[in-house]
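So this one's entry37.pdb, PDB, C-alpha atoms:
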```
ATOM      1  CA  MET A 170       0.000   0.000   0.000
ATOM      2  CA  PRO A 171       1.512   3.324  -0.965
ATOM      3  CA  SER A 172       2.272   5.631   1.891
ATOM      4  CA  VAL A 173       0.050   8.633   2.199
ATOM      5  CA  SER A 174       0.868  11.699   4.181
ATOM      6  CA  ARG A 175       0.021  15.338   4.237
ATOM      7  CA  ARG A 176       2.538  17.961   5.227
ATOM      8  CA  VAL A 177       0.888  20.593   7.379
ATOM      9  CA  PRO A 178       2.821  23.834   6.888
ATOM     10  CA  ALA A 179       4.405  24.820  10.178
ATOM     11  CA  LEU A 180       4.718  28.383   8.972
ATOM     12  CA  SER A 181       2.928  30.726   6.649
ATOM     13  CA  LEU A 182       4.421  30.959   3.181
ATOM     14  CA  ALA A 183       4.985  34.306   1.571
ATOM     15  CA  VAL A 184       2.702  35.249  -1.296
ATOM     16  CA  GLY A 185       4.057  34.329  -4.722
ATOM     17  CA  THR A 186       7.219  32.386  -5.208
ATOM     18  CA  VAL A 187       9.014  33.190  -1.989
ATOM     19  CA  ALA A 188       8.499  30.687   0.835
ATOM     20  CA  ALA A 189       9.042  32.323   4.203
ATOM     21  CA  ILE A 190       9.475  31.037   7.703
ATOM     22  CA  ALA A 191       9.024  32.915  10.951
ATOM     23  CA  ILE A 192      11.139  31.866  13.878
ATOM     24  CA  TRP A 193      10.321  33.364  17.240
ATOM     25  CA  LEU A 194      13.384  33.572  19.427
ATOM     26  CA  ALA A 195      13.455  32.509  23.048
ATOM     27  CA  MET A 196      14.028  36.050  24.237
ATOM     28  CA  PRO A 197      11.759  38.769  25.650
ATOM     29  CA  ALA A 198       9.758  40.525  22.986
ATOM     30  CA  ALA A 199      10.794  44.063  22.196
ATOM     31  CA  SER A 200       8.080  46.576  23.010
ATOM     32  CA  ALA A 201       9.815  49.561  21.480
ATOM     33  CA  GLN A 202      12.644  50.329  19.120
ATOM     34  CA  SER A 203      16.011  51.112  20.659
ATOM     35  CA  GLY A 204      17.029  54.718  20.392
ATOM     36  CA  SER A 205      20.721  53.986  20.849
ATOM     37  CA  GLY A 206      23.220  53.863  18.024
ATOM     38  CA  GLN A 207      24.094  50.575  16.397
ATOM     39  CA  ARG A 208      27.401  48.845  16.960
ATOM     40  CA  PRO A 209      29.350  46.907  14.322
ATOM     41  CA  ALA A 210      27.551  43.948  12.747
ATOM     42  CA  ARG A 211      27.966  40.473  14.211
ATOM     43  CA  ASP A 212      27.655  37.228  12.305
ATOM     44  CA  ARG A 213      24.662  35.036  13.099
ATOM     45  CA  ASP A 214      23.911  31.499  11.945
ATOM     46  CA  LEU A 215      20.632  29.917  10.961
ATOM     47  CA  PHE A 216      20.120  26.245  10.112
ATOM     48  CA  VAL A 217      17.725  26.240   7.169
ATOM     49  CA  THR A 218      15.891  23.360   5.518
ATOM     50  CA  VAL A 219      14.706  23.959   1.961
ATOM     51  CA  THR A 220      12.310  21.484   0.347
ATOM     52  CA  ASP A 221      10.264  21.066  -2.796
ATOM     53  CA  ASP A 222       6.535  20.380  -2.802
ATOM     54  CA  LYS A 223       7.162  16.686  -2.027
ATOM     55  CA  GLY A 224       9.299  17.378   1.020
ATOM     56  CA  THR A 225      12.527  16.451  -0.742
ATOM     57  CA  PRO A 226      15.486  18.587   0.362
ATOM     58  CA  VAL A 227      16.946  20.954  -2.224
ATOM     59  CA  THR A 228      20.724  20.996  -1.943
ATOM     60  CA  ASP A 229      22.033  23.220  -4.751
ATOM     61  CA  LEU A 230      21.045  26.684  -3.535
ATOM     62  CA  ARG A 231      23.548  29.540  -3.662
ATOM     63  CA  PRO A 232      23.982  32.149  -0.925
ATOM     64  CA  GLN A 233      22.328  34.845  -3.037
ATOM     65  CA  GLU A 234      19.122  32.780  -3.174
ATOM     66  CA  PHE A 235      18.546  33.103   0.569
ATOM     67  CA  VAL A 236      16.739  36.073   2.086
ATOM     68  CA  ILE A 237      16.987  36.689   5.832
ATOM     69  CA  ARG A 238      14.889  39.297   7.617
ATOM     70  CA  GLU A 239      14.803  40.270  11.276
ATOM     71  CA  ASP A 240      11.632  42.050  12.325
ATOM     72  CA  GLY A 241      11.089  42.835   8.645
ATOM     73  CA  MET A 242      14.577  44.233   8.069
ATOM     74  CA  ARG A 243      16.602  42.429   5.418
ATOM     75  CA  ARG A 244      20.052  41.285   6.508
ATOM     76  CA  GLU A 245      23.150  40.644   4.441
ATOM     77  CA  VAL A 246      23.689  36.936   3.760
ATOM     78  CA  LEU A 247      27.393  36.205   4.052
ATOM     79  CA  SER A 248      27.487  32.508   3.223
ATOM     80  CA  ALA A 249      25.389  29.370   2.866
ATOM     81  CA  GLN A 250      26.834  25.894   3.018
ATOM     82  CA  ARG A 251      25.782  22.412   3.995
ATOM     83  CA  ALA A 252      25.573  22.015   7.753
ATOM     84  CA  THR A 253      27.987  19.360   8.979
ATOM     85  CA  GLU A 254      27.466  19.658  12.729
ATOM     86  CA  PRO A 255      25.822  16.656  14.453
ATOM     87  CA  VAL A 256      22.156  17.052  15.356
ATOM     88  CA  THR A 257      21.263  16.134  18.922
ATOM     89  CA  ILE A 258      17.984  14.253  18.460
ATOM     90  CA  ALA A 259      15.387  13.534  21.138
ATOM     91  CA  LEU A 260      12.994  10.835  19.934
ATOM     92  CA  MET A 261       9.688  11.030  21.812
ATOM     93  CA  VAL A 262       7.218   8.198  21.203
ATOM     94  CA  ASP A 263       3.580   7.965  22.209
ATOM     95  CA  ASN A 264       3.122   4.397  23.491
ATOM     96  CA  SER A 265      -0.291   4.877  25.054
ATOM     97  CA  GLN A 266      -2.974   2.243  24.571
ATOM     98  CA  PHE A 267      -4.331   4.193  21.606
ATOM     99  CA  THR A 268      -1.173   3.369  19.596
ATOM    100  CA  GLU A 269      -1.429  -0.420  20.025
ATOM    101  CA  PRO A 270      -2.681  -1.032  16.451
ATOM    102  CA  TYR A 271       0.308   0.908  15.115
ATOM    103  CA  LEU A 272       3.034  -0.816  17.171
ATOM    104  CA  GLY A 273       4.602  -2.763  14.303
ATOM    105  CA  ASP A 274       4.781   0.251  12.009
ATOM    106  CA  ILE A 275       6.143   2.484  14.791
ATOM    107  CA  ARG A 276       8.918   0.051  15.658
ATOM    108  CA  ARG A 277       9.909  -0.492  12.033
ATOM    109  CA  ALA A 278       9.995   3.248  11.374
ATOM    110  CA  LEU A 279      12.073   3.916  14.490
ATOM    111  CA  LYS A 280      14.520   1.150  13.594
ATOM    112  CA  THR A 281      15.044   2.528  10.091
ATOM    113  CA  PHE A 282      15.528   6.056  11.438
ATOM    114  CA  VAL A 283      18.053   4.900  14.042
ATOM    115  CA  GLU A 284      19.918   2.803  11.480
ATOM    116  CA  ARG A 285      20.352   5.916   9.361
ATOM    117  CA  MET A 286      20.988   8.574  11.998
ATOM    118  CA  GLY A 287      22.412   6.622  14.926
ATOM    119  CA  GLY A 288      26.149   6.621  15.478
ATOM    120  CA  LYS A 289      26.493  10.008  13.776
ATOM    121  CA  HIS A 290      24.097  12.086  15.845
ATOM    122  CA  PRO A 291      23.567  11.825  19.631
ATOM    123  CA  MET A 292      20.088  10.401  20.180
ATOM    124  CA  ALA A 293      17.803   9.570  23.083
ATOM    125  CA  VAL A 294      14.534   7.614  23.129
ATOM    126  CA  THR A 295      11.692   8.548  25.487
ATOM    127  CA  THR A 296       8.142   7.204  25.739
ATOM    128  CA  VAL A 297       5.214   9.182  27.126
ATOM    129  CA  ALA A 298       2.465   6.732  28.142
ATOM    130  CA  GLU A 299       1.334   7.551  31.702
ATOM    131  CA  ARG A 300       4.539   9.535  32.337
ATOM    132  CA  PRO A 301       7.731  10.393  30.417
ATOM    133  CA  THR A 302      10.125   7.429  30.568
ATOM    134  CA  ILE A 303      13.683   7.499  29.217
ATOM    135  CA  LEU A 304      14.463   4.210  27.448
ATOM    136  CA  VAL A 305      17.983   5.303  26.564
ATOM    137  CA  ASP A 306      19.709   8.628  27.232
ATOM    138  CA  TYR A 307      21.699  10.537  24.614
ATOM    139  CA  THR A 308      24.232   8.237  23.029
ATOM    140  CA  LEU A 309      26.048   7.434  19.801
ATOM    141  CA  ASP A 310      25.722   3.702  20.545
ATOM    142  CA  LYS A 311      23.519   2.441  17.730
ATOM    143  CA  LYS A 312      23.030  -0.970  19.368
ATOM    144  CA  ALA A 313      21.689   0.642  22.529
ATOM    145  CA  LEU A 314      19.340   2.813  20.488
ATOM    146  CA  LEU A 315      18.041  -0.127  18.449
ATOM    147  CA  ALA A 316      17.480  -2.098  21.640
ATOM    148  CA  ALA A 317      15.474   0.819  23.010
ATOM    149  CA  THR A 318      13.170   0.816  19.985
ATOM    150  CA  GLU A 319      12.391  -2.844  20.717
ATOM    151  CA  ARG A 320      11.269  -1.854  24.210
ATOM    152  CA  VAL A 321       8.518   0.419  22.903
ATOM    153  CA  PHE A 322       5.318  -1.287  24.079
ATOM    154  CA  PRO A 323       1.812   0.167  24.415
ATOM    155  CA  ILE A 324       0.774   0.373  28.070
ATOM    156  CA  PRO A 325      -2.781  -0.911  28.680
ATOM    157  CA  ASN A 326      -5.383   1.591  29.851
ATOM    158  CA  SER A 327      -2.943   4.473  29.490
ATOM    159  CA  GLY A 328      -3.067   7.900  27.915
ATOM    160  CA  SER A 329      -0.356  10.133  26.521
ATOM    161  CA  THR A 330       1.621  12.733  28.475
ATOM    162  CA  PHE A 331       2.866  14.529  25.369
ATOM    163  CA  LEU A 332       3.034  17.975  26.980
ATOM    164  CA  GLU A 333       4.894  16.754  30.047
ATOM    165  CA  GLY A 334       7.319  14.772  27.906
ATOM    166  CA  LEU A 335       8.031  17.725  25.658
ATOM    167  CA  ARG A 336       8.628  19.951  28.671
ATOM    168  CA  GLU A 337      11.103  17.509  30.230
ATOM    169  CA  LEU A 338      12.992  16.961  26.975
ATOM    170  CA  SER A 339      13.178  20.708  26.363
ATOM    171  CA  LYS A 340      14.603  21.313  29.831
ATOM    172  CA  GLY A 341      17.213  18.628  29.265
ATOM    173  CA  LEU A 342      18.250  19.933  25.854
ATOM    174  CA  ALA A 343      18.638  23.469  27.181
ATOM    175  CA  GLY A 344      21.561  22.257  29.261
ATOM    176  CA  ARG A 345      23.333  20.340  26.501
ATOM    177  CA  GLU A 346      26.111  21.817  24.377
ATOM    178  CA  ALA A 347      25.038  21.350  20.778
ATOM    179  CA  GLU A 348      24.618  23.853  17.968
ATOM    180  CA  ARG A 349      21.840  21.809  16.350
ATOM    181  CA  ALA A 350      19.053  19.987  18.160
ATOM    182  CA  ALA A 351      15.693  18.522  17.205
ATOM    183  CA  ILE A 352      12.837  16.916  19.091
ATOM    184  CA  VAL A 353      11.231  14.283  16.859
ATOM    185  CA  ALA A 354       7.846  13.305  18.272
ATOM    186  CA  ILE A 355       5.593  10.478  17.111
ATOM    187  CA  THR A 356       2.075  10.708  18.452
ATOM    188  CA  ALA A 357      -1.502   9.704  17.786
ATOM    189  CA  GLU A 358      -4.782  11.432  18.518
ATOM    190  CA  GLY A 359      -5.735   9.548  21.663
ATOM    191  CA  PRO A 360      -6.415  10.929  25.152
ATOM    192  CA  GLU A 361      -3.890  13.420  26.562
ATOM    193  CA  LEU A 362      -3.417  13.203  30.332
ATOM    194  CA  SER A 363      -0.901  15.994  30.946
ATOM    195  CA  ASP A 364      -2.138  18.523  33.487
ATOM    196  CA  ARG A 365      -0.146  21.394  32.014
ATOM    197  CA  HIS A 366      -1.482  24.106  29.742
ATOM    198  CA  PHE A 367       0.356  24.509  26.464
ATOM    199  CA  THR A 368       1.391  28.047  27.465
ATOM    200  CA  GLU A 369       3.420  26.514  30.309
ATOM    201  CA  VAL A 370       5.375  24.287  27.923
ATOM    202  CA  LEU A 371       5.938  26.603  24.967
ATOM    203  CA  PRO A 372       8.466  28.944  26.679
ATOM    204  CA  THR A 373      10.534  25.941  27.792
ATOM    205  CA  LEU A 374      10.543  24.595  24.247
ATOM    206  CA  ARG A 375      11.677  27.964  22.888
ATOM    207  CA  THR A 376      14.487  28.157  25.419
ATOM    208  CA  SER A 377      15.752  24.697  24.438
ATOM    209  CA  GLY A 378      16.818  25.990  21.018
ATOM    210  CA  ALA A 379      15.583  22.754  19.408
ATOM    211  CA  SER A 380      13.260  22.475  16.448
ATOM    212  CA  LEU A 381      10.063  20.501  17.028
ATOM    213  CA  GLU A 382       9.250  17.910  14.357
ATOM    214  CA  VAL A 383       5.955  16.096  14.949
ATOM    215  CA  LEU A 384       4.498  13.145  13.069
ATOM    216  CA  VAL A 385       0.831  12.616  13.908
ATOM    217  CA  ILE A 386      -0.968   9.344  13.146
ATOM    218  CA  THR A 387      -4.459  10.673  12.579
ATOM    219  CA  ARG A 388      -7.846   9.028  12.937
ATOM    220  CA  PRO A 389     -11.127   9.642  11.082
ATOM    221  CA  GLY A 390     -12.719  12.772  12.467
ATOM    222  CA  GLY A 391      -9.517  13.821  14.220
ATOM    223  CA  ALA A 392      -8.832  14.152  17.921
ATOM    224  CA  ASP A 393     -11.625  14.847  20.375
ATOM    225  CA  MET A 394     -11.203  18.592  20.694
ATOM    226  CA  GLY A 395     -13.823  18.627  23.409
ATOM    227  CA  GLU A 396     -11.088  17.317  25.717
ATOM    228  CA  GLU A 397      -8.891  20.003  27.218
ATOM    229  CA  GLY A 398      -5.817  17.793  27.004
ATOM    230  CA  ALA A 399      -6.289  17.171  23.294
ATOM    231  CA  ARG A 400      -6.757  20.904  22.674
ATOM    232  CA  ASN A 401      -3.594  21.765  24.575
ATOM    233  CA  ARG A 402      -1.633  19.143  22.651
ATOM    234  CA  ALA A 403      -2.926  20.436  19.315
ATOM    235  CA  PHE A 404      -2.103  24.060  20.184
ATOM    236  CA  LEU A 405       1.369  23.088  21.398
ATOM    237  CA  ILE A 406       2.167  21.088  18.271
ATOM    238  CA  ASP A 407       1.008  23.909  16.015
ATOM    239  CA  ALA A 408       2.721  26.767  17.839
ATOM    240  CA  GLY A 409       5.791  24.786  18.853
ATOM    241  CA  SER A 410       6.617  23.529  15.381
ATOM    242  CA  ARG A 411       5.931  26.932  13.845
ATOM    243  CA  GLU A 412       7.965  28.976  16.313
ATOM    244  CA  THR A 413      11.015  26.687  16.372
ATOM    245  CA  GLY A 414      11.392  26.243  12.635
ATOM    246  CA  GLY A 415      10.171  22.657  12.802
ATOM    247  CA  GLY A 416       7.170  21.059  11.186
ATOM    248  CA  ARG A 417       4.134  18.846  11.527
ATOM    249  CA  VAL A 418       3.217  15.940   9.253
ATOM    250  CA  ASP A 419      -0.248  14.375   9.454
ATOM    251  CA  LEU A 420      -0.243  10.691   8.497
ATOM    252  CA  LEU A 421      -3.440   9.094   7.232
ATOM    253  CA  THR A 422      -2.102   5.647   8.113
ATOM    254  CA  SER A 423       0.661   4.334  10.359
ATOM    255  CA  MET A 424       2.191   2.693   7.281
ATOM    256  CA  SER A 425       3.220   6.199   6.199
ATOM    257  CA  LEU A 426       5.368   6.696   9.297
ATOM    258  CA  GLY A 427       8.460   4.999   7.872
ATOM    259  CA  PRO A 428       8.630   7.083   4.676
ATOM    260  CA  ALA A 429       7.851  10.253   6.666
ATOM    261  CA  LEU A 430      10.753   9.629   9.053
ATOM    262  CA  GLU A 431      13.005   8.890   6.081
ATOM    263  CA  ARG A 432      12.113  12.270   4.572
ATOM    264  CA  LEU A 433      12.763  13.986   7.891
ATOM    265  CA  ALA A 434      16.152  12.285   8.200
ATOM    266  CA  ALA A 435      17.067  13.496   4.715
ATOM    267  CA  GLN A 436      15.996  17.017   5.618
ATOM    268  CA  LEU A 437      18.090  17.052   8.794
ATOM    269  CA  GLU A 438      21.085  15.710   6.889
ATOM    270  CA  ASN A 439      20.782  18.352   4.185
ATOM    271  CA  GLN A 440      20.254  21.563   6.116
ATOM    272  CA  TYR A 441      22.124  24.720   5.196
ATOM    273  CA  ARG A 442      24.120  26.752   7.647
ATOM    274  CA  VAL A 443      23.292  30.295   6.571
ATOM    275  CA  THR A 444      25.500  33.012   8.031
ATOM    276  CA  TYR A 445      24.244  36.584   7.970
ATOM    277  CA  ALA A 446      25.218  39.933   9.457
ATOM    278  CA  ARG A 447      23.194  41.410  12.308
ATOM    279  CA  PRO A 448      23.832  44.985  13.437
ATOM    280  CA  GLU A 449      24.221  44.655  17.179
ATOM    281  CA  SER A 450      21.504  46.307  19.195
ATOM    282  CA  LEU A 451      20.437  46.458  22.804
ATOM    283  CA  ILE A 452      17.121  44.908  21.799
ATOM    284  CA  PRO A 453      17.199  41.491  20.082
ATOM    285  CA  PRO A 454      14.779  40.806  17.219
ATOM    286  CA  GLU A 455      11.415  39.250  17.953
ATOM    287  CA  LYS A 456      11.209  37.391  14.683
ATOM    288  CA  ILE A 457      13.503  35.996  12.015
ATOM    289  CA  GLU A 458      12.222  35.242   8.530
ATOM    290  CA  ALA A 459      14.143  32.996   6.158
ATOM    291  CA  SER A 460      13.029  32.558   2.581
ATOM    292  CA  VAL A 461      14.403  31.552  -0.786
ATOM    293  CA  THR A 462      13.919  33.297  -4.093
ATOM    294  CA  ARG A 463      13.787  30.161  -6.230
ATOM    295  CA  PRO A 464      10.158  29.445  -7.214
ATOM    296  CA  GLY A 465       8.250  26.489  -5.820
ATOM    297  CA  LEU A 466      10.347  25.912  -2.708
ATOM    298  CA  SER A 467       9.622  26.311   0.985
ATOM    299  CA  ALA A 468      12.068  27.028   3.793
ATOM    300  CA  ARG A 469      12.179  26.657   7.532
ATOM    301  CA  GLY A 470      15.040  27.199   9.893
ATOM    302  CA  THR A 471      16.278  27.347  13.453
ATOM    303  CA  PRO A 472      18.897  29.696  14.931
ATOM    304  CA  ALA A 473      22.151  27.988  15.852
ATOM    305  CA  ARG A 474      22.244  27.271  19.568
ATOM    306  CA  THR A 475      24.845  29.105  21.622
ATOM    307  CA  ILE A 476      27.513  26.866  23.131
ATOM    308  CA  ARG A 477      28.763  28.254  26.416
TER     309      ARG A 477
END
```
In structure tokens, write the structure found in this file.
Amino acid sequence: MPSVSRRVPALSLAVGTVAAIAIWLAMPAASAQSGSGQRPARDRDLFVTVTDDKGTPVTDLRPQEFVIREDGMRREVLSAQRATEPVTIALMVDNSQFTEPYLGDIRRALKTFVERMGGKHPMAVTTVAERPTILVDYTLDKKALLAATERVFPIPNSGSTFLEGLRELSKGLAGREAERAAIVAITAEGPELSDRHFTEVLPTLRTSGASLEVLVITRPGGADMGEEGARNRAFLIDAGSRETGGGRVDLLTSMSLGPALERLAAQLENQYRVTYARPESLIPPEKIEASVTRPGLSARGTPARTIR
């Protein structure tokens, strides 16, 4: 059966041929423009993924094809090259009872993803049925990661704690030294048991500096939005993926999970590191927009994390 999936844009695309992405930084919003003079420009880096309409990464872009804006002001692009830094990846898997019919497909997809990305990128595997549970902490040991995927079992009579899991992973990533990080979450549309409101989790996610990539195994009619937990999860996925330069993919069947993770792996492996000049100011920008001028392409990106 052919895999079927629908990419839900994490960000609004600019009108016409320019695909734009808005990235909200984990800093206080500026309420007024600074009246002080500007200091010399400083280089800033943005990890940008550029894809065609099928989600395939585009790898032959030149620096002059990137457009970077901060709070609407265009910045000078200094260089654009393939990103070679490892990506610290937090795999978060919904193993609540609702996912039991999808267990085989979830395990196969995870195994394929780990086979491709493990050993090169530090990875951790966490499940979120009843409570967040670390199956294996960040490691380059591919055998340990593969063994963890085999320990993904649905827990009877359980619900998901997606929000709590995302909060804990975000807090952990904030303390790790890595320029690139991504939270890759696999979830379904079953009951959500987290007590937290999405507005409690979103600031922690922003501070982590990681992009949020979510693959949702959907069901006919969608999640029960009459449940507060399901609403909070939906709002968090939408805002979190949009504001971190990540994305959301809705899967019509669990059989589509494997190909979707393969596409995501290719996108992470083919990001650009775009360096641009930012005039230093006392007030940091609220929003960064990255776009490309080549027609028919979309872009999303995440600021490089600061290593202390």
- Task: Please provide the set of residues having any atom within 9 Å of Val219 (chain A), restricted to only C-alpha atoms, with same-chain residues fewer than 6 positions apart removed, written as a list in words.
- Result: Thr225, Pro226, Val227, Thr228, Leu230, Gln436, Asn439, Gln440, Tyr441, Ser460, Val461, Leu466, Ser467, Ala468, Arg469 and Gly470 of chain A
- Task: Please write the residues picked by the PyMOL selection byres ((chain A and resi 239-242) around 9) on this file as a count of residues only.
- Result: 11
- Item | Contacts of Asp212 (chain A) at 9 Å (only C-alpha atoms; same-chain gap of 6+ positions) as a PyMOL selection string | chain A and resi 247+444-448
- Message: What would the selection look like, as a VMD selection string, if the PyMOL selection byres ((chain A and resi 474) around 7) were run on the coordinates I just shared?
- Response: chain A and resid 347 to 349 378 472 to 473 475 to 476
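Counting from CA of Asp393 (chain A), the distance to CA of Gly359 (chain A) is 8.0 Å.
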- Residues near Met292 (chain A), cut-off 10 Å, only C-alpha atoms, skip fewer than 6 positions along chain, as a VMD selection string: chain A and resid 256 to 260 283 286 305 to 311 314 350 to 352
- Target residues per the PyMOL selection byres ((chain A and resi 423) around 6), formatted as a PyMOL selection string: chain A and resi 271+386+422+424-426
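For the residues A:Pro255, A:Pro464, A:Pro360, A:Gly334, ranking by smallest atom-to-atom distance to Asp221 (chain A) using all atoms listed in the file places A:Pro464 first.
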